[in-house]
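Novice: My structure is below; once you've seen it, I'll send some questions.
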Amino acid sequence: MQIMIVLLLWVGVLVIAVWLYLRQTYSVFEKYGVKHFKPLPFIGNMGKVLFRQRNVAIAIKDTYDAFPEEKFVGRYEFTSKTVMIRDLELVKKTTVKDFEYFLDRRSMFSNSDSFFNRSLLTLMGQEWKDMRSTLSPAFTSSKIRLMVPFMVEVGDQMMASLKKIIKSSDAGYIDIDCKDLTSRYSNDVIATCAFGLKVDSFTDEDNEFYTLVKKTITLGFKDMIQFFIMTNVPFVGELFNMDLMSSAAKKFFKSLVLDTMTDRERRQILRPDMIHLLMEAKKGKLSHENLKSKGESAGFASVEESSVGTKKVERVWSNNDLIAQAVIFLFAGFETISTATSFLLYELALNPEVQDKLAEEIREYDIKNGGKFDLKSLQEMPYMDMVISEVLRMWPPAMFTDRSCTKDYNLGKPNDKNPQDYILRKGDSVLIPVIGFHRDPQYFPNPDKFDPERFSEQNKHKINPVAYMPFGVGPRNCIGSRFALCEVKVMIYQILQHLEVSPCERTCIPAELTTGSFNVQLKGGHWLRFKARS
């Protein structure tokens, strides 16, 4: 009986301790007058995401829309608190003016063996600055221009496959899951531009590289739980040695990069791809002299390199550091580009007048340049850039971005009526809801309408540049924006040059999308009809 009483007492003490902990944890925002949704114990505001009732991006936009008068609002991710910034001036202040206070992203991968842990995406402090400066010369227009033929070659493989299937079709057209099509294109571009591999995922559908990449990129429910644990409870991730990449995948990519480097050194092979640029970076031979090419514009959506990325670096990088950059190039480029291009095809199918106008521009430039296809031709096409800029507004590949506070920072008052300032403490997280700004009628009138004219020469000056951030904002923006835009343009150029895209019986047009609210996924797939252009 005594043992039972003691156990009950300890259970009672434990319950009270947990209650006090949760009460203290979930009372911070309320104490300072920061608006937020009511959190659930341990889950915080992640319930609908955790149980797959809402996509992460939709949940973020829900929070953004719920408090229109606030400069910033609160969000509990399990037991971690995050401040979501809604005010553009505050976005600019935290990401540009006071960048040194928000130099880092949130720590995600505590596993020291993970390539993610050593990538440009997750490096912190001076290490990030040095790596950014080391790699920035690799993403100039002059370097990307040399990779365009590789992209065109992949596009030729894609078009040969599509034309062959259409020709063999009795109906004269084919219905394709264009997400699968764009995934194979992105895979083959990355294989050739990043790893120096020539693969054809359109004919050899189950080749080793595509199969491994697809398996690694696709995150199931277990992977999502693991990701949330690594992000919000990093010591647990470290304890169980969690990583989103399997041991087999790590071994494959490590061997691929190192063996390719060794072979090129031995045989003195020079191929202008990412492997070559990483080899040059290791030797300290990448120069910043061509970082900004005069008279060239990668497009409205591209971002400029800051002074952080132009400083000379003396640091010597290890092989694992270089492998990590190749791997993150794969992860950052595969899903984001394939998704953006898939949505681009989707919008072109639903808006035939836009598609016809873009196809006409492609025909005109093809004749004007005598069939010549290079980076300069792509950059000179104004309507192409308008269309892609609008797709990246409606469907930004990165729906949100984040920063970690590196030292205490006064964020100011959440609204004009609040009597006290909110102080971010070192280690606190800040979230910038890209999709919230992109779909806010205050910045983009009739935001759910696909309208490339927003980015015309006559209208683009009306856009607040801070409100448009498909590749992030501030010195920690996406280093590969030029490469990404070039890749998308090459693919669309080649498709519309020869084919028409239209909806089919399996095309899903969600009610949520047509009624104006945001839906990030097309339930049922991205099926569209392709036929030869007359």
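Simple scheme: letters A, B, ... for chains in structure tokens order, numbers from 1 for residues in each chain, numbers from 1 for ligands in the order shown.
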Running DSSP on the backbone, which parts of stretch 86-315 of chain A land in strand (DSSP E), as number ranges by chain?

Specialist: A: 173-177

Novice: Pick out the residues sitting within 12 Å of A:Glu453, and hand them over as a ChimeraX atom specification; count only C-alpha atoms, and ignore anything fewer than 5 positions along from it in its own chain.

Specialist: /A:354,357,382-391,444-445,458-463

Novice: Could the residues in this selection be saved with N, CA, C and O atoms as a short mmCIF file (atom, residue, chain, number, x, y, z; two decimals), in the first residue's frame?

Specialist:
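Result written to result.cif:
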data_model
loop_
_atom_site.label_atom_id
_atom_site.label_comp_id
_atom_site.auth_asym_id
_atom_site.auth_seq_id
_atom_site.Cartn_x
_atom_site.Cartn_y
_atom_site.Cartn_z
N VAL A 354 -1.89 32.68 -72.89
CA VAL A 354 -0.52 32.92 -72.42
C VAL A 354 0.43 31.96 -73.14
O VAL A 354 1.52 32.36 -73.59
N LYS A 357 1.01 33.06 -76.75
CA LYS A 357 1.86 34.25 -76.83
C LYS A 357 3.32 33.90 -76.57
O LYS A 357 4.23 34.41 -77.25
N PRO A 382 11.54 38.75 -73.22
CA PRO A 382 10.82 39.40 -72.12
C PRO A 382 9.57 38.65 -71.65
O PRO A 382 9.33 38.56 -70.45
N TYR A 383 8.80 38.10 -72.58
CA TYR A 383 7.56 37.44 -72.15
C TYR A 383 7.87 36.13 -71.43
O TYR A 383 7.16 35.75 -70.49
N MET A 384 8.89 35.43 -71.87
CA MET A 384 9.33 34.22 -71.18
C MET A 384 9.61 34.55 -69.71
O MET A 384 9.18 33.83 -68.81
N ASP A 385 10.33 35.65 -69.49
CA ASP A 385 10.68 36.02 -68.12
C ASP A 385 9.44 36.42 -67.33
O ASP A 385 9.33 36.12 -66.14
N MET A 386 8.49 37.10 -67.96
CA MET A 386 7.25 37.51 -67.30
C MET A 386 6.45 36.29 -66.84
O MET A 386 5.95 36.23 -65.71
N VAL A 387 6.35 35.29 -67.72
CA VAL A 387 5.58 34.08 -67.41
C VAL A 387 6.21 33.32 -66.25
O VAL A 387 5.53 32.91 -65.30
N ILE A 388 7.52 33.14 -66.30
CA ILE A 388 8.20 32.39 -65.24
C ILE A 388 8.17 33.16 -63.92
O ILE A 388 7.99 32.57 -62.85
N SER A 389 8.31 34.48 -63.98
CA SER A 389 8.24 35.30 -62.77
C SER A 389 6.88 35.15 -62.09
O SER A 389 6.79 35.06 -60.86
N GLU A 390 5.82 35.08 -62.90
CA GLU A 390 4.47 34.95 -62.34
C GLU A 390 4.24 33.55 -61.75
O GLU A 390 3.62 33.40 -60.70
N VAL A 391 4.77 32.53 -62.40
CA VAL A 391 4.66 31.17 -61.84
C VAL A 391 5.36 31.09 -60.49
O VAL A 391 4.84 30.50 -59.54
N PHE A 444 -0.09 42.07 -54.33
CA PHE A 444 -0.37 41.57 -55.67
C PHE A 444 -1.88 41.48 -55.86
O PHE A 444 -2.51 40.50 -55.43
N PRO A 445 -2.51 42.50 -56.45
CA PRO A 445 -3.97 42.50 -56.64
C PRO A 445 -4.45 41.24 -57.36
O PRO A 445 -3.76 40.74 -58.26
N GLN A 458 5.88 47.82 -68.20
CA GLN A 458 5.01 48.90 -67.76
C GLN A 458 4.54 48.74 -66.31
O GLN A 458 4.17 49.71 -65.66
N ASN A 459 4.54 47.50 -65.81
CA ASN A 459 3.93 47.23 -64.50
C ASN A 459 4.90 46.81 -63.40
O ASN A 459 4.59 46.96 -62.22
N LYS A 460 6.04 46.27 -63.76
CA LYS A 460 6.89 45.65 -62.73
C LYS A 460 7.43 46.65 -61.70
O LYS A 460 7.77 46.25 -60.59
N HIS A 461 7.45 47.93 -62.06
CA HIS A 461 7.91 48.94 -61.10
C HIS A 461 6.93 49.11 -59.94
O HIS A 461 7.27 49.67 -58.90
N LYS A 462 5.70 48.62 -60.12
CA LYS A 462 4.68 48.72 -59.07
C LYS A 462 4.88 47.67 -57.98
O LYS A 462 4.27 47.75 -56.92
N ILE A 463 5.71 46.67 -58.25
CA ILE A 463 5.90 45.57 -57.30
C ILE A 463 6.92 45.97 -56.24
O ILE A 463 8.00 46.45 -56.55
#

Novice: Tell me, counting only C-alpha atoms, for each residue of stretch 417-505 of chain A within 12 Å of stretch 81-102 of chain A, which pair of atoms is nearest and how far apart they are in Å to one decimal, in rows ordered by chain and increasing number, as a Markdown table.

Specialist:
| residue | atom | partner | partner_atom | distance |
| --- | --- | --- | --- | --- |
| A:Tyr422 | CA | A:Val83 | CA | 10.1 |
| A:Ile423 | CA | A:Val83 | CA | 10.7 |
| A:Leu424 | CA | A:Val83 | CA | 8.7 |
| A:Arg425 | CA | A:Tyr101 | CA | 10.5 |
| A:Lys426 | CA | A:Tyr101 | CA | 8.9 |
| A:Gly427 | CA | A:Phe102 | CA | 9.7 |
| A:Asp428 | CA | A:Thr82 | CA | 6.8 |
| A:Ser429 | CA | A:Thr82 | CA | 4.9 |
| A:Val430 | CA | A:Val83 | CA | 4.9 |
| A:Leu431 | CA | A:Met84 | CA | 4.6 |
| A:Ile432 | CA | A:Ile85 | CA | 5.6 |
| A:Pro433 | CA | A:Met84 | CA | 7.0 |
| A:Val434 | CA | A:Arg86 | CA | 9.8 |
| A:Ile435 | CA | A:Arg86 | CA | 11.2 |
| A:Gly436 | CA | A:Arg86 | CA | 8.2 |
| A:Phe437 | CA | A:Arg86 | CA | 7.9 |
| A:His438 | CA | A:Arg86 | CA | 11.7 |
| A:Asp440 | CA | A:Arg86 | CA | 10.6 |
| A:Gln442 | CA | A:Leu88 | CA | 11.4 |
| A:Tyr443 | CA | A:Leu88 | CA | 10.2 |
| A:Asn464 | CA | A:Leu88 | CA | 9.0 |
| A:Pro465 | CA | A:Leu88 | CA | 9.7 |
| A:Val466 | CA | A:Leu88 | CA | 6.5 |
| A:Ala467 | CA | A:Leu88 | CA | 6.7 |
| A:Tyr468 | CA | A:Leu88 | CA | 10.2 |
| A:Met469 | CA | A:Val91 | CA | 10.9 |
| A:Gly472 | CA | A:Thr95 | CA | 9.6 |
| A:Val473 | CA | A:Thr95 | CA | 6.6 |
| A:Gly474 | CA | A:Val96 | CA | 4.9 |
| A:Pro475 | CA | A:Val96 | CA | 6.9 |
| A:Arg476 | CA | A:Thr95 | CA | 8.0 |
| A:Asn477 | CA | A:Thr95 | CA | 9.4 |

Novice: Go through A:Phe150, A:Phe51, A:Phe228, A:Phe116 and flag the residue nearest A:Phe195, using only C-alpha atoms for the distances.

Specialist: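 Counting only C-alpha atoms, the residue closest to A:Phe195 is A:Phe150.
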
Novice: Between A:Val236, A:Ser80, A:Ile3, A:Ala59, single out the one closest to A:Leu22, counting only C-alpha atoms.

Specialist: A:Ser80
